[in-house]
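Visitor: Sharing final_27.cif (mmCIF, C-alpha atoms and all ligand atoms) below.
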data_final
#
loop_
_atom_site.label_atom_id
_atom_site.label_comp_id
_atom_site.auth_asym_id
_atom_site.auth_seq_id
_atom_site.Cartn_x
_atom_site.Cartn_y
_atom_site.Cartn_z
CA MET A 1 71.56 93.94 80.99
CA LYS A 2 74.57 95.93 79.95
CA ILE A 3 77.52 94.12 78.39
CA THR A 4 80.94 95.74 78.09
CA ILE A 5 83.69 94.03 76.17
CA ARG A 6 87.10 94.44 77.78
CA GLY A 7 89.04 91.89 75.77
CA VAL A 8 88.39 89.50 72.89
CA ARG A 9 91.86 88.60 71.65
CA GLY A 10 92.64 84.90 71.72
CA SER A 11 95.62 83.12 73.22
CA ILE A 12 97.99 86.03 73.98
CA PRO A 13 97.68 89.82 74.31
CA THR A 14 98.67 91.66 71.14
CA SER A 15 99.36 95.31 71.64
CA GLY A 16 100.24 97.56 68.73
CA PRO A 17 98.71 99.66 65.99
CA ALA A 18 97.75 96.62 63.85
CA THR A 19 95.30 95.30 66.45
CA GLN A 20 93.97 98.56 67.89
CA LYS A 21 90.46 98.40 66.44
CA TYR A 22 89.43 94.94 67.63
CA GLY A 23 91.77 95.16 70.59
CA GLY A 24 94.77 93.28 71.90
CA ASN A 25 93.53 92.31 75.36
CA THR A 26 92.52 88.73 76.07
CA SER A 27 89.08 87.55 77.19
CA CYS A 28 87.12 89.66 79.65
CA ILE A 29 83.49 90.79 79.52
CA GLU A 30 81.50 92.77 82.09
CA VAL A 31 77.80 92.19 82.56
CA SER A 32 75.67 94.38 84.78
CA ALA A 33 72.02 94.73 85.72
CA GLU A 34 70.22 96.31 88.68
CA GLY A 35 73.51 97.25 90.36
CA TRP A 36 74.89 93.70 90.20
CA GLN A 37 78.07 92.97 88.31
CA LEU A 38 79.50 89.89 86.70
CA VAL A 39 82.91 89.67 85.09
CA LEU A 40 83.26 86.86 82.58
CA ASP A 41 86.83 85.58 82.38
CA GLY A 42 89.92 87.25 83.75
CA GLY A 43 92.08 87.81 80.68
CA SER A 44 94.33 90.84 80.32
CA GLY A 45 91.24 92.94 79.54
CA MET A 46 90.31 92.60 83.19
CA ARG A 47 92.72 95.40 84.09
CA ASN A 48 90.36 97.81 82.32
CA SER A 49 87.51 96.59 84.52
CA ASN A 50 89.11 98.44 87.41
CA THR A 51 87.04 101.51 86.57
CA LEU A 52 83.89 99.61 87.54
CA GLU A 53 81.55 101.41 89.88
CA ARG A 54 81.35 99.85 93.32
CA PRO A 55 78.75 97.10 92.95
CA LEU A 56 75.69 96.54 95.08
CA ASN A 57 76.49 95.09 98.54
CA ASN A 58 80.20 95.30 97.64
CA ARG A 59 79.82 91.97 95.91
CA LEU A 60 81.32 91.02 92.59
CA ASP A 61 81.14 87.71 90.75
CA ILE A 62 83.78 86.44 88.35
CA LEU A 63 82.75 83.61 86.05
CA LEU A 64 85.69 81.75 84.56
CA THR A 65 85.05 79.57 81.51
CA HIS A 66 88.36 77.79 82.06
CA LEU A 67 91.84 78.29 83.40
CA HIS A 68 93.92 78.77 80.26
CA MET A 69 96.32 81.64 80.74
CA ASP A 70 94.54 84.02 78.35
CA HIS A 71 91.45 83.75 80.59
CA ILE A 72 93.10 84.23 83.98
CA GLN A 73 96.19 86.36 83.44
CA GLY A 74 94.34 89.54 84.47
CA LEU A 75 93.19 88.17 87.83
CA GLY A 76 96.30 89.31 89.69
CA PHE A 77 95.76 92.87 88.51
CA PHE A 78 92.09 93.19 89.42
CA LYS A 79 91.63 95.83 92.11
CA PRO A 80 88.59 94.36 93.94
CA PHE A 81 90.82 91.47 95.10
CA PHE A 82 92.90 93.97 97.05
CA ASP A 83 89.93 95.73 98.66
CA PRO A 84 89.10 94.32 102.11
CA GLU A 85 85.56 95.71 101.79
CA MET A 86 84.83 93.55 98.77
CA GLU A 87 83.28 90.11 98.61
CA VAL A 88 84.47 88.43 95.42
CA HIS A 89 83.01 85.16 94.19
CA ILE A 90 84.84 83.12 91.57
CA TRP A 91 82.83 80.50 89.69
CA GLY A 92 84.94 78.12 87.62
CA PRO A 93 84.77 74.64 86.08
CA ALA A 94 85.23 71.61 88.30
CA GLY A 95 88.08 69.32 87.24
CA SER A 96 88.41 65.58 87.62
CA ARG A 97 90.75 65.59 90.60
CA LYS A 98 92.22 68.96 91.62
CA SER A 99 90.06 71.65 93.21
CA LEU A 100 89.48 75.01 91.56
CA HIS A 101 91.53 76.58 94.36
CA ALA A 102 94.48 74.28 93.67
CA ARG A 103 94.33 74.92 89.93
CA LEU A 104 94.05 78.71 90.32
CA SER A 105 96.91 78.63 92.81
CA LYS A 106 99.22 77.36 90.09
CA TYR A 107 99.15 80.85 88.64
CA LEU A 108 98.32 82.91 91.74
CA SER A 109 101.43 81.90 93.68
CA PRO A 110 105.21 82.43 93.43
CA PRO A 111 107.10 82.28 91.18
CA LEU A 112 104.43 83.24 88.63
CA PHE A 113 102.76 85.77 90.95
CA PRO A 114 104.19 87.40 94.09
CA MET A 115 101.24 86.53 96.38
CA TYR A 116 99.23 83.49 97.38
CA ILE A 117 95.44 83.41 96.99
CA ARG A 118 95.08 83.26 100.78
CA GLU A 119 96.87 86.62 101.06
CA LEU A 120 94.34 88.52 98.92
CA PRO A 121 92.68 91.10 101.19
CA CYS A 122 89.12 90.71 99.83
CA LYS A 123 86.68 88.12 101.09
CA LEU A 124 87.09 85.46 98.41
CA ILE A 125 84.62 82.63 97.83
CA LEU A 126 85.20 79.94 95.21
CA HIS A 127 82.47 77.88 93.56
CA GLU A 128 83.00 74.89 91.29
CA VAL A 129 80.50 74.45 88.49
CA ASP A 130 79.84 71.74 85.95
CA LYS A 131 76.37 71.28 84.49
CA SER A 132 75.06 73.81 86.97
CA GLU A 133 72.39 76.42 87.45
CA PHE A 134 72.74 79.22 89.99
CA GLU A 135 71.47 82.69 90.77
CA ILE A 136 73.48 85.87 91.27
CA GLY A 137 71.22 88.83 92.04
CA PRO A 138 68.96 89.28 89.02
CA PHE A 139 70.93 86.79 86.92
CA ARG A 140 70.07 83.13 86.43
CA VAL A 141 73.23 81.48 85.18
CA GLN A 142 73.58 78.06 83.56
CA SER A 143 76.93 76.46 82.92
CA GLN A 144 77.82 73.38 80.94
CA TYR A 145 81.03 71.72 79.81
CA VAL A 146 81.92 72.41 76.18
CA ILE A 147 84.53 70.91 73.87
CA HIS A 148 87.90 72.55 74.55
CA PRO A 149 91.09 71.09 76.07
CA GLY A 150 90.85 70.86 79.87
CA PRO A 151 87.72 71.48 81.94
CA THR A 152 85.91 74.30 80.13
CA VAL A 153 82.37 75.60 80.48
CA GLY A 154 80.20 78.08 78.64
CA PHE A 155 77.69 80.33 80.38
CA ARG A 156 74.08 81.20 79.61
CA ILE A 157 72.99 84.30 81.52
CA ASN A 158 69.37 85.30 81.82
CA ASP A 159 68.38 88.51 83.61
CA GLY A 160 64.69 87.75 83.26
CA LYS A 161 64.44 89.83 80.10
CA ARG A 162 67.23 88.76 77.77
CA ILE A 163 69.59 85.83 77.31
CA PHE A 164 73.31 86.27 76.78
CA THR A 165 75.50 83.24 76.02
CA TYR A 166 79.27 83.33 76.35
CA ILE A 167 81.42 80.52 74.88
CA PRO A 168 84.76 82.10 74.01
CA ASP A 169 86.78 78.89 73.60
CA HIS A 170 84.90 76.11 71.87
CA GLU A 171 85.35 73.55 69.13
CA PRO A 172 81.91 72.11 68.37
CA ALA A 173 83.14 70.94 64.96
CA LEU A 174 85.66 68.47 66.39
CA GLY A 175 85.19 65.14 64.60
CA ILE A 176 85.39 63.89 61.04
CA HIS A 177 82.02 65.30 59.98
CA GLY A 178 82.31 68.74 61.61
CA ILE A 179 79.17 70.10 63.29
CA VAL A 180 76.54 67.39 62.86
CA SER A 181 73.01 68.28 61.88
CA ASP A 182 71.36 66.66 64.91
CA GLN A 183 71.20 69.33 67.65
CA LYS A 184 71.38 66.72 70.39
CA TRP A 185 74.94 65.95 69.34
CA ILE A 186 76.26 69.51 69.31
CA SER A 187 78.44 70.67 72.19
CA GLY A 188 77.15 73.90 73.75
CA PHE A 189 73.85 73.78 71.91
CA ASP A 190 71.60 74.13 74.95
CA LEU A 191 73.62 77.07 76.22
CA ALA A 192 73.22 79.01 72.99
CA SER A 193 69.72 77.98 71.99
CA ASN A 194 67.62 81.07 71.15
CA ALA A 195 70.01 83.47 72.89
CA ASP A 196 69.56 87.18 72.21
CA LEU A 197 73.34 87.51 72.02
CA LEU A 198 76.01 84.87 71.60
CA ILE A 199 79.69 85.69 71.96
CA HIS A 200 81.50 82.71 70.48
CA ASP A 201 84.95 81.52 69.50
CA ALA A 202 85.75 82.26 65.85
CA GLN A 203 89.53 82.26 65.96
CA TYR A 204 90.34 80.79 62.59
CA THR A 205 89.58 80.96 58.91
CA THR A 206 88.35 77.66 57.48
CA ALA A 207 91.82 76.99 55.99
CA GLU A 208 93.51 77.66 59.33
CA TYR A 209 91.06 75.41 61.15
CA LYS A 210 92.02 72.48 58.93
CA GLU A 211 95.61 72.87 60.16
CA ARG A 212 94.57 73.28 63.80
CA THR A 213 91.78 70.81 64.32
CA GLY A 214 91.75 69.67 67.93
CA TRP A 215 93.30 72.85 69.30
CA GLY A 216 89.95 73.73 70.84
CA HIS A 217 88.79 76.61 68.67
CA SER A 218 86.36 77.32 65.87
CA SER A 219 86.52 78.69 62.38
CA MET A 220 84.38 81.72 61.63
CA ASP A 221 82.24 79.58 59.34
CA ASP A 222 81.64 77.03 62.10
CA ALA A 223 80.77 79.80 64.57
CA LEU A 224 78.17 81.06 62.08
CA ARG A 225 76.80 77.58 61.50
CA PHE A 226 76.61 76.93 65.25
CA ALA A 227 74.82 80.26 65.82
CA SER A 228 72.43 79.59 62.97
CA MET A 229 71.53 76.12 64.25
CA ALA A 230 71.01 77.50 67.76
CA CYS A 231 68.72 80.23 66.35
CA VAL A 232 70.50 83.07 68.13
CA LYS A 233 69.44 86.64 67.39
CA LYS A 234 72.93 88.07 67.26
CA LEU A 235 76.43 86.61 67.08
CA LEU A 236 79.61 88.41 68.01
CA MET A 237 82.64 86.45 66.86
CA ALA A 238 85.49 86.48 69.35
CA HIS A 239 88.83 85.03 70.46
CA HIS A 240 90.51 86.70 67.48
CA ASP A 241 93.71 85.00 66.43
CA PRO A 242 96.78 86.95 67.60
CA ASN A 243 98.10 86.89 64.03
CA HIS A 244 94.98 88.50 62.58
CA THR A 245 95.38 92.25 62.15
CA ASP A 246 92.48 94.70 62.08
CA THR A 247 92.80 94.97 58.31
CA TYR A 248 92.73 91.22 57.85
CA LEU A 249 89.80 90.76 60.24
CA GLY A 250 87.91 93.48 58.35
CA GLU A 251 88.53 91.68 55.07
CA LEU A 252 87.39 88.37 56.54
CA LEU A 253 84.18 89.96 57.84
CA THR A 254 83.40 91.56 54.48
CA GLU A 255 83.94 88.25 52.75
CA LEU A 256 81.75 86.40 55.30
CA LYS A 257 78.94 88.95 54.82
CA MET A 258 79.14 88.56 51.05
CA ARG A 259 79.08 84.79 51.21
CA ASN A 260 76.35 84.30 53.81
CA ASN A 261 72.87 85.64 54.21
CA TYR A 262 71.97 84.30 57.62
CA SER A 263 68.80 85.79 59.08
CA PHE A 264 70.58 86.80 62.30
CA HIS A 265 72.98 89.67 62.71
CA PHE A 266 76.68 88.87 63.01
CA ASP A 267 79.77 90.94 63.58
CA LEU A 268 83.23 90.80 65.11
CA ALA A 269 83.46 91.49 68.82
CA GLU A 270 85.49 94.59 69.54
CA GLU A 271 87.24 95.73 72.69
CA GLY A 272 85.38 98.68 74.21
CA MET A 273 82.03 97.68 72.69
CA VAL A 274 79.06 98.34 74.96
CA ILE A 275 75.83 96.48 74.30
CA GLU A 276 72.50 97.23 75.96
CA LEU A 277 70.64 93.97 75.67
CA MET B 1 65.20 67.75 73.98
CA ALA B 2 68.48 68.41 75.74
CA ALA B 3 71.77 67.91 73.96
CA TYR B 4 74.11 65.16 75.17
CA GLU B 5 76.99 65.87 77.48
CA ILE B 6 80.32 66.43 75.75
CA GLU B 7 81.71 63.19 77.20
CA ILE B 8 79.05 61.32 75.17
CA ILE B 9 79.51 63.56 72.12
CA LEU B 10 83.27 63.02 72.12
CA ASN B 11 82.81 59.24 72.39
CA ARG B 12 80.61 59.39 69.30
CA GLN B 13 83.17 61.49 67.46
CA LEU B 14 85.83 58.93 68.32
CA ALA B 15 83.55 56.06 67.25
CA ASP B 16 83.05 57.81 63.92
CA CYS B 17 86.79 57.54 63.26
CA LEU B 18 87.24 53.88 64.25
CA SER B 19 87.03 50.77 62.16
CA ILE B 20 85.94 48.74 65.21
CA PRO B 21 82.20 48.38 65.82
CA VAL B 22 81.21 50.76 68.66
CA PHE B 23 77.89 51.01 70.47
CA ILE B 24 77.08 53.90 72.81
CA THR B 25 74.24 53.77 75.29
CA ASP B 26 72.77 56.18 77.81
CA ARG B 27 72.61 55.34 81.52
CA GLU B 28 69.51 53.21 81.01
CA GLY B 29 71.08 51.17 78.21
CA ASN B 30 69.15 52.76 75.35
CA LEU B 31 71.30 52.67 72.23
CA ILE B 32 71.96 56.29 71.37
CA TYR B 33 74.67 55.79 68.75
CA TYR B 34 76.40 53.10 66.73
CA ASN B 35 79.05 53.60 64.08
CA GLU B 36 79.31 52.27 60.56
CA PRO B 37 81.16 49.02 61.44
CA ALA B 38 78.47 48.38 64.08
CA GLU B 39 75.77 48.80 61.45
CA GLN B 40 77.02 45.61 59.79
CA ILE B 41 76.60 43.65 63.02
CA LEU B 42 73.16 45.06 63.74
CA GLY B 43 72.02 44.78 60.15
CA LYS B 44 70.54 48.26 60.51
CA ARG B 45 71.63 51.78 59.66
CA TYR B 46 71.85 54.51 62.28
CA ASP B 47 70.45 57.00 59.79
CA ASP B 48 67.34 54.81 59.49
CA THR B 49 66.80 53.71 63.08
CA GLY B 50 68.14 56.67 65.08
CA GLU B 51 68.25 55.83 68.75
CA MET B 52 66.84 52.52 69.91
CA PRO B 53 65.28 51.72 73.27
CA VAL B 54 67.02 48.97 75.22
CA SER B 55 63.96 46.73 74.85
CA ILE B 56 64.38 46.67 71.08
CA TRP B 57 68.10 46.61 70.45
CA ALA B 58 68.89 44.09 73.17
CA THR B 59 66.80 41.49 71.34
CA ILE B 60 68.65 41.88 68.03
CA PHE B 61 71.68 39.92 69.24
CA LYS B 62 71.40 36.39 70.39
CA PRO B 63 74.39 35.82 72.66
CA VAL B 64 75.26 32.16 72.99
CA ASP B 65 78.11 30.06 74.31
CA GLU B 66 80.21 27.94 71.99
CA LYS B 67 77.74 25.08 72.21
CA GLY B 68 74.90 27.35 71.18
CA ASN B 69 73.32 27.66 74.66
CA VAL B 70 71.73 31.08 75.14
CA LEU B 71 73.61 33.30 77.61
CA SER B 72 71.83 35.25 80.30
CA PRO B 73 71.92 39.03 79.64
CA ASP B 74 73.36 39.48 83.14
CA ASP B 75 76.57 37.81 81.94
CA LEU B 76 77.15 40.31 79.14
CA PRO B 77 79.80 43.00 79.57
CA LEU B 78 77.64 46.00 78.64
CA VAL B 79 74.80 44.93 80.93
CA LYS B 80 77.31 44.55 83.78
CA THR B 81 78.88 47.94 83.03
CA LEU B 82 75.50 49.64 83.14
CA LYS B 83 74.77 47.92 86.43
CA ASN B 84 78.12 48.43 88.20
CA CYS B 85 79.79 51.38 86.40
CA LYS B 86 82.85 49.24 85.81
CA PRO B 87 84.66 48.02 82.67
CA TYR B 88 84.23 44.40 81.53
CA HIS B 89 85.54 42.15 78.81
CA LYS B 90 84.22 38.80 77.61
CA THR B 91 84.56 36.52 74.64
CA PHE B 92 81.38 34.79 73.55
CA CYS B 93 79.37 34.03 70.44
CA ILE B 94 76.51 35.72 68.74
CA GLU B 95 74.16 34.26 66.25
CA SER B 96 74.57 36.50 63.25
CA LEU B 97 71.76 37.71 61.04
CA ASN B 98 72.19 34.82 58.64
CA GLY B 99 72.06 32.30 61.49
CA LYS B 100 75.81 31.71 61.62
CA ILE B 101 77.48 31.53 65.03
CA GLU B 102 80.33 34.07 65.23
CA LYS B 103 82.86 34.40 67.99
CA ILE B 104 83.40 37.92 69.26
CA ALA B 105 85.04 39.68 72.17
CA VAL B 106 83.30 42.63 73.77
CA THR B 107 84.93 45.33 75.87
CA SER B 108 82.63 47.71 77.66
CA TYR B 109 83.40 50.75 79.76
CA PRO B 110 81.37 53.33 81.63
CA ILE B 111 81.50 57.00 80.61
CA LEU B 112 82.37 58.72 83.87
CA GLY B 113 82.41 62.45 83.22
CA ARG B 114 83.69 65.31 85.32
CA PRO B 115 83.21 65.42 88.24
CA SER B 116 82.47 61.67 88.57
CA ARG B 117 79.13 61.64 86.80
CA PHE B 118 77.98 58.38 85.23
CA LEU B 119 76.64 59.37 81.83
CA GLY B 120 76.41 56.17 79.78
CA ALA B 121 78.43 53.26 78.46
CA VAL B 122 80.36 52.15 75.42
CA ALA B 123 80.77 48.64 74.00
CA LEU B 124 83.51 47.77 71.53
CA PHE B 125 83.14 44.56 69.56
CA TRP B 126 86.29 42.77 68.46
CA GLU B 127 86.04 40.15 65.80
CA THR B 128 88.07 37.14 66.91
CA LYS B 129 89.39 34.16 65.08
CA ASP B 130 89.59 30.80 66.83
CA GLU B 131 93.05 30.53 68.28
ZN ZN C 301 91.33 81.33 75.13
ZN ZN C 302 91.35 78.03 76.07
#
Let me see the structure of the file written as structure tokens.
Guide:
Amino acid sequence: MKITIRGVRGSIPTSGPATQKYGGNTSCIEVSAEGWQLVLDGGSGMRNSNTLERPLNNRLDILLTHLHMDHIQGLGFFKPFFDPEMEVHIWGPAGSRKSLHARLSKYLSPPLFPMYIRELPCKLILHEVDKSEFEIGPFRVQSQYVIHPGPTVGFRINDGKRIFTYIPDHEPALGIHGIVSDQKWISGFDLASNADLLIHDAQYTTAEYKERTGWGHSSMDDALRFASMACVKKLLMAHHDPNHTDTYLGELLTELKMRNNYSFHFDLAEEGMVIEL
Amino acid sequence: MAAYEIEIILNRQLADCLSIPVFITDREGNLIYYNEPAEQILGKRYDDTGEMPVSIWATIFKPVDEKGNVLSPDDLPLVKTLKNCKPYHKTFCIESLNGKIEKIAVTSYPILGRPSRFLGAVALFWETKDE
């Protein structure tokens, strides 16, 4: 499968020269195989997905981890929604009471957006997921709730050859002991276990995390520990803090590499990165 | 060996921070976690025992009424919660490890995750003084 990173900034888009290298757009990743296309999250990076080739059968699937603004703000600017030839499926986490449609409508309706969901010209089909398993073309997708405020899932995507796990907003260390050593008690563990590539939340430094425990995100050290315990082959750290410049992120990465000698490869996710898995 | 659902994991994380004894079971009633204050009641350490099947841990307590008559398990809050997916509360006595009868109150509640999935149950033990 081919993975293209369109946005990995956390919380809010940050445009400007200081964030050009890792990118200022919020969460959006494209995944394609055999002519099928998935778009993971609809952050501001989604606007750059508009150059996508027309997918097989005019069908496109958007997988939303959750409905925080930085993961849906690009939806209204995604061209396939405005193409009557397109069939767009949105898969998103089920809530306790309100439907996915009702929760998405909070943003995709006036006054926040000039149109209602029902007015989008494409054929739109919504699917609610929780601990689910479903197939989209060549992809077998598993979803599971993970620790983050509000209903939030992570996705494990298997194209029959490789496994890609995407958990951009996740706080597995929440609790007084941090990430516990027993795998059974680690949020998101089954999703990430033995993945060829894991893209995971690593918003904070360890010092920042101490100040922001419970906000739903991970420190870089916890992301590494989580990846190591799950035996992933490669980790790309994502959801970069809006206050972290390219220079600072570079320094943090150098320091992490010096301090750790994990057997797997790790790096910072970067907007524009293309990975052939 | 699948990991627990986050609703269970978060209940454990909460239990870890409380000074009240907390017991967490799966849907079948197997004891999957108990915190440090609960270790004192059980007389066992979680690190040593790990999870305990319902057949074993249910026999550790001897629930009795104030006259010392043994209570039927069906009258206990946690057993009722596991059966009916509802919360219960009851004050009764347990014979402690040293044979002393101690009065306790137990509150139990079901863990109903999103979207309405019954995942397990929690029992909180409150030490009570005779009023
Ligand atoms: Zn986010
Ligand atoms: Zn979020």
Visitor: Give the residues of chain A that lie within 7 Å of chain B; count only C-alpha atoms, and format the answer as a compact mmCIF listing (two decimals) with C-alpha atoms, in the frame of the given file.
Guide:
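Ended up saving to result_38.txt:
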# COMPACT_ATOMS: atom_id res chain seq x y z
CA ALA A 94 85.23 71.61 88.30
CA GLY A 95 88.08 69.32 87.24
CA SER A 96 88.41 65.58 87.62
CA TYR A 145 81.03 71.72 79.81
CA VAL A 146 81.92 72.41 76.18
CA ILE A 147 84.53 70.91 73.87
CA GLY A 175 85.19 65.14 64.60
CA ILE A 176 85.39 63.89 61.04
CA GLN A 183 71.20 69.33 67.65
CA LYS A 184 71.38 66.72 70.39
CA TRP A 185 74.94 65.95 69.34
CA ILE A 186 76.26 69.51 69.31
CA SER A 187 78.44 70.67 72.19
CA PHE A 189 73.85 73.78 71.91
CA ASP A 190 71.60 74.13 74.95
Visitor: Suppose you want the space between atom CA of Gln40 of chain B and atom CA of Pro21 of chain B; what is it in Å?
Guide: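 About the pair atom CA of Gln40 of chain B and atom CA of Pro21 of chain B: they are 8.4 Å apart.
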Visitor: Around ligand ZN 302 (chain C), which protein and nucleic acid residues have at least one atom no more than 7 Å from it, if we count all atoms listed in the file? List them as a VMD selection string.
Guide: chain A and resid 66 68 148 to 149 169 216
Visitor: Which one of A:His170, A:His177, A:Lys21, A:Arg259 sits closest to ligand ZN 301 (chain C) if you count only C-alpha atoms and all ligand atoms?
Guide: A:His170
Visitor: Show me, as a PDB file with C-alpha atoms, in the coordinates of the input, the residues that have an atom within 12 Å of Phe118 of chain B when counting only C-alpha atoms, minus same-chain residues fewer than 5 positions from it.
Guide:
ATOM      1  CA  GLU B   5      76.990  65.870  77.480  1.00  0.00           C
ATOM      2  CA  GLU B   7      81.710  63.190  77.200  1.00  0.00           C
ATOM      3  CA  ILE B   8      79.050  61.320  75.170  1.00  0.00           C
ATOM      4  CA  THR B  25      74.240  53.770  75.290  1.00  0.00           C
ATOM      5  CA  ASP B  26      72.770  56.180  77.810  1.00  0.00           C
ATOM      6  CA  ARG B  27      72.610  55.340  81.520  1.00  0.00           C
ATOM      7  CA  GLU B  28      69.510  53.210  81.010  1.00  0.00           C
ATOM      8  CA  THR B  81      78.880  47.940  83.030  1.00  0.00           C
ATOM      9  CA  LEU B  82      75.500  49.640  83.140  1.00  0.00           C
ATOM     10  CA  LYS B  83      74.770  47.920  86.430  1.00  0.00           C
ATOM     11  CA  ASN B  84      78.120  48.430  88.200  1.00  0.00           C
ATOM     12  CA  CYS B  85      79.790  51.380  86.400  1.00  0.00           C
ATOM     13  CA  LYS B  86      82.850  49.240  85.810  1.00  0.00           C
ATOM     14  CA  TYR B 109      83.400  50.750  79.760  1.00  0.00           C
ATOM     15  CA  PRO B 110      81.370  53.330  81.630  1.00  0.00           C
ATOM     16  CA  ILE B 111      81.500  57.000  80.610  1.00  0.00           C
ATOM     17  CA  LEU B 112      82.370  58.720  83.870  1.00  0.00           C
ATOM     18  CA  GLY B 113      82.410  62.450  83.220  1.00  0.00           C
TER      19      GLY B 113
END
Visitor: Grab me every residue within 9 Å of ligand ZN 301 (chain C), counting only C-alpha atoms and all ligand atoms, and send it over as a PyMOL selection string.
Guide: chain A and resi 8-12+26-27+43+66-71+168-170+201+216-217+239
Visitor: Export C-alpha atoms of the chosen residues as a PDB file, in the coordinates of the input?
Guide:
ATOM      1  CA  VAL A   8      88.390  89.500  72.890  1.00  0.00           C
ATOM      2  CA  ARG A   9      91.860  88.600  71.650  1.00  0.00           C
ATOM      3  CA  GLY A  10      92.640  84.900  71.720  1.00  0.00           C
ATOM      4  CA  SER A  11      95.620  83.120  73.220  1.00  0.00           C
ATOM      5  CA  ILE A  12      97.990  86.030  73.980  1.00  0.00           C
ATOM      6  CA  THR A  26      92.520  88.730  76.070  1.00  0.00           C
ATOM      7  CA  SER A  27      89.080  87.550  77.190  1.00  0.00           C
ATOM      8  CA  GLY A  43      92.080  87.810  80.680  1.00  0.00           C
ATOM      9  CA  HIS A  66      88.360  77.790  82.060  1.00  0.00           C
ATOM     10  CA  LEU A  67      91.840  78.290  83.400  1.00  0.00           C
ATOM     11  CA  HIS A  68      93.920  78.770  80.260  1.00  0.00           C
ATOM     12  CA  MET A  69      96.320  81.640  80.740  1.00  0.00           C
ATOM     13  CA  ASP A  70      94.540  84.020  78.350  1.00  0.00           C
ATOM     14  CA  HIS A  71      91.450  83.750  80.590  1.00  0.00           C
ATOM     15  CA  PRO A 168      84.760  82.100  74.010  1.00  0.00           C
ATOM     16  CA  ASP A 169      86.780  78.890  73.600  1.00  0.00           C
ATOM     17  CA  HIS A 170      84.900  76.110  71.870  1.00  0.00           C
ATOM     18  CA  ASP A 201      84.950  81.520  69.500  1.00  0.00           C
ATOM     19  CA  GLY A 216      89.950  73.730  70.840  1.00  0.00           C
ATOM     20  CA  HIS A 217      88.790  76.610  68.670  1.00  0.00           C
ATOM     21  CA  HIS A 239      88.830  85.030  70.460  1.00  0.00           C
TER      22      HIS A 239
END
Visitor: Set the distance at 8 Å and use all atoms listed in the file: which residues neighbour Ala269 of chain A once local chain neighbours fewer than 6 positions away are removed? I'd like the list as a ChimeraX atom specification.
Guide: /A:5,8,22,199,236-238
Visitor: What is the distance between atom CA of Val141 of chain A and atom CA of Tyr166 of chain A, in Å to one decimal?
Guide: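 Those two atoms sit 10.9 Å apart.
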Visitor: Hey, can you check how far atom CA of Asp159 of chain A sits from atom CA of Phe78 of chain A?
Guide: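 Straight-line distance from atom CA of Asp159 of chain A to atom CA of Phe78 of chain A works out to 24.9 Å.
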Visitor: List as a ChimeraX atom specification the protein and nucleic acid residues near segment 62-76 of chain B, meaning an atom at most 12 Å away when all atoms listed in the file are counted, but skip any in the same chain fewer than 2 places from it.
Guide: /B:41-42,54,57-60,78-84,87-108,123,130
